[in-house]
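Since the structure comes first, as structure tokens, the remarks are kept for the end.
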Amino acid sequence: MALPKRRHSKARGKKRRTHWKVKAVGLSPCPQCKEPKIPHCICKVCGYYDGRQVIEIKVKAKKKKE
């Protein structure tokens, strides 16, 4: 494998990495509760995935009383 003859400057390395940006994940509405959620993941609000409840979401005592 070839080796560089001289060290690359910090600016040159940063110029090369300008395209390594992280893209924001697109959100889709949950079919059960209509809240935005990450695709292919369990909904954090209702606990449903693929039309069935996978986890049970515990609600705080204050919200249950109201």
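Every chain in the structure tokens has a letter given in the order shown (A, B, ...), and although residue numbers restart at 1 in each chain, ligands are simply numbered from 1 in the order shown.
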
Next item on the list: Write out as a PyMOL selection string all residues of chain A that backbone DSSP assigns to helix (DSSP H, G or I).
Entry: chain A and resi 10-19+61-65

With N, CA and C atoms kept, could you save the residues just selected as an mmCIF file, in the first residue's frame?
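So the final result, stored in out-v5.cif, reads:
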data_model
loop_
_atom_site.group_PDB
_atom_site.id
_atom_site.type_symbol
_atom_site.label_atom_id
_atom_site.label_comp_id
_atom_site.auth_asym_id
_atom_site.auth_seq_id
_atom_site.Cartn_x
_atom_site.Cartn_y
_atom_site.Cartn_z
ATOM 1 N N LYS A 10 -4.316 19.918 8.209
ATOM 2 C CA LYS A 10 -5.627 19.748 8.838
ATOM 3 C C LYS A 10 -6.742 20.239 7.921
ATOM 4 N N ALA A 11 -6.487 21.334 7.214
ATOM 5 C CA ALA A 11 -7.494 21.894 6.309
ATOM 6 C C ALA A 11 -7.785 20.938 5.159
ATOM 7 N N ARG A 12 -6.752 20.293 4.653
ATOM 8 C CA ARG A 12 -6.954 19.365 3.539
ATOM 9 C C ARG A 12 -7.774 18.155 3.970
ATOM 10 N N GLY A 13 -7.497 17.659 5.177
ATOM 11 C CA GLY A 13 -8.274 16.530 5.687
ATOM 12 C C GLY A 13 -9.721 16.906 5.930
ATOM 13 N N LYS A 14 -9.955 18.127 6.430
ATOM 14 C CA LYS A 14 -11.322 18.587 6.683
ATOM 15 C C LYS A 14 -12.086 18.810 5.390
ATOM 16 N N LYS A 15 -11.387 19.252 4.348
ATOM 17 C CA LYS A 15 -12.033 19.427 3.036
ATOM 18 C C LYS A 15 -12.524 18.080 2.500
ATOM 19 N N ARG A 16 -11.758 17.045 2.733
ATOM 20 C CA ARG A 16 -12.130 15.715 2.258
ATOM 21 C C ARG A 16 -13.350 15.179 3.014
ATOM 22 N N ARG A 17 -13.480 15.561 4.284
ATOM 23 C CA ARG A 17 -14.560 15.037 5.123
ATOM 24 C C ARG A 17 -15.824 15.894 5.106
ATOM 25 N N THR A 18 -15.901 16.915 4.256
ATOM 26 C CA THR A 18 -17.075 17.793 4.260
ATOM 27 C C THR A 18 -18.343 17.055 3.849
ATOM 28 N N HIS A 19 -18.226 15.945 3.166
ATOM 29 C CA HIS A 19 -19.400 15.209 2.681
ATOM 30 C C HIS A 19 -19.836 14.104 3.644
ATOM 31 N N ALA A 61 -49.129 8.653 37.264
ATOM 32 C CA ALA A 61 -50.347 8.646 38.083
ATOM 33 C C ALA A 61 -51.207 9.872 37.840
ATOM 34 N N LYS A 62 -50.596 11.027 37.607
ATOM 35 C CA LYS A 62 -51.355 12.251 37.378
ATOM 36 C C LYS A 62 -52.194 12.158 36.109
ATOM 37 N N LYS A 63 -51.635 11.600 35.080
ATOM 38 C CA LYS A 63 -52.354 11.505 33.809
ATOM 39 C C LYS A 63 -53.482 10.490 33.881
ATOM 40 N N LYS A 64 -53.353 9.436 34.695
ATOM 41 C CA LYS A 64 -54.401 8.441 34.835
ATOM 42 C C LYS A 64 -55.636 9.027 35.509
ATOM 43 N N LYS A 65 -55.431 9.906 36.506
ATOM 44 C CA LYS A 65 -56.533 10.476 37.248
ATOM 45 C C LYS A 65 -57.347 11.454 36.410
#

Check: Which neighbours of A:Gly26 fall inside 10 Å, counting only C-alpha atoms, when residues of the same chain fewer than 4 positions from it are skipped, and could you give them as a VMD selection string?
Finding: chain A and resid 36 to 39

Notebook entry, point to check: Of the residues A:Ile57, A:Ser9, A:Ala2, A:Arg52, which is the one nearest to A:Cys30, using only C-alpha atoms?
Noted result: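 Looking at the shortest contact to A:Cys30, the residue is A:Arg52.
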
Note to self: Need the shell around A:Glu35: protein/DNA/RNA residues with any atom at most 9 Å away, counting only C-alpha atoms. Skip same-chain ones fewer than 5 positions apart. Format as a PyMOL selection string?
What the structure shows: chain A and resi 28-30+43+45-46

Put those residues in a file: C-alpha atoms, as a PDB file, in the first residue's frame.
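So result.pdb came out as:
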ATOM      1  CA  SER A  28     -43.666   8.805   9.754  1.00  0.00           C
ATOM      2  CA  PRO A  29     -47.014   8.909  11.584  1.00  0.00           C
ATOM      3  CA  CYS A  30     -47.877   5.972  13.845  1.00  0.00           C
ATOM      4  CA  CYS A  43     -43.824   3.833  18.785  1.00  0.00           C
ATOM      5  CA  VAL A  45     -46.126   6.872  22.762  1.00  0.00           C
ATOM      6  CA  CYS A  46     -48.385   3.822  22.372  1.00  0.00           C
TER       7      CYS A  46
END

Among chain A, which residues carry a DSSP assignment of strand (DSSP E or B), reported as a PDB file with C-alpha atoms, in the first residue's frame?
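So the final result, stored in part_30.pdb, reads:
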ATOM      1  CA  SER A  28     -43.666   8.805   9.754  1.00  0.00           C
ATOM      2  CA  PRO A  29     -47.014   8.909  11.584  1.00  0.00           C
ATOM      3  CA  PRO A  36     -44.571  10.969  14.605  1.00  0.00           C
ATOM      4  CA  LYS A  37     -42.208   7.999  15.004  1.00  0.00           C
ATOM      5  CA  TYR A  48     -47.292  -0.558  18.916  1.00  0.00           C
ATOM      6  CA  TYR A  49     -45.298  -2.023  16.028  1.00  0.00           C
ATOM      7  CA  ARG A  52     -49.740  -5.148  17.452  1.00  0.00           C
ATOM      8  CA  GLN A  53     -48.742  -3.977  20.912  1.00  0.00           C
TER       9      GLN A  53
END
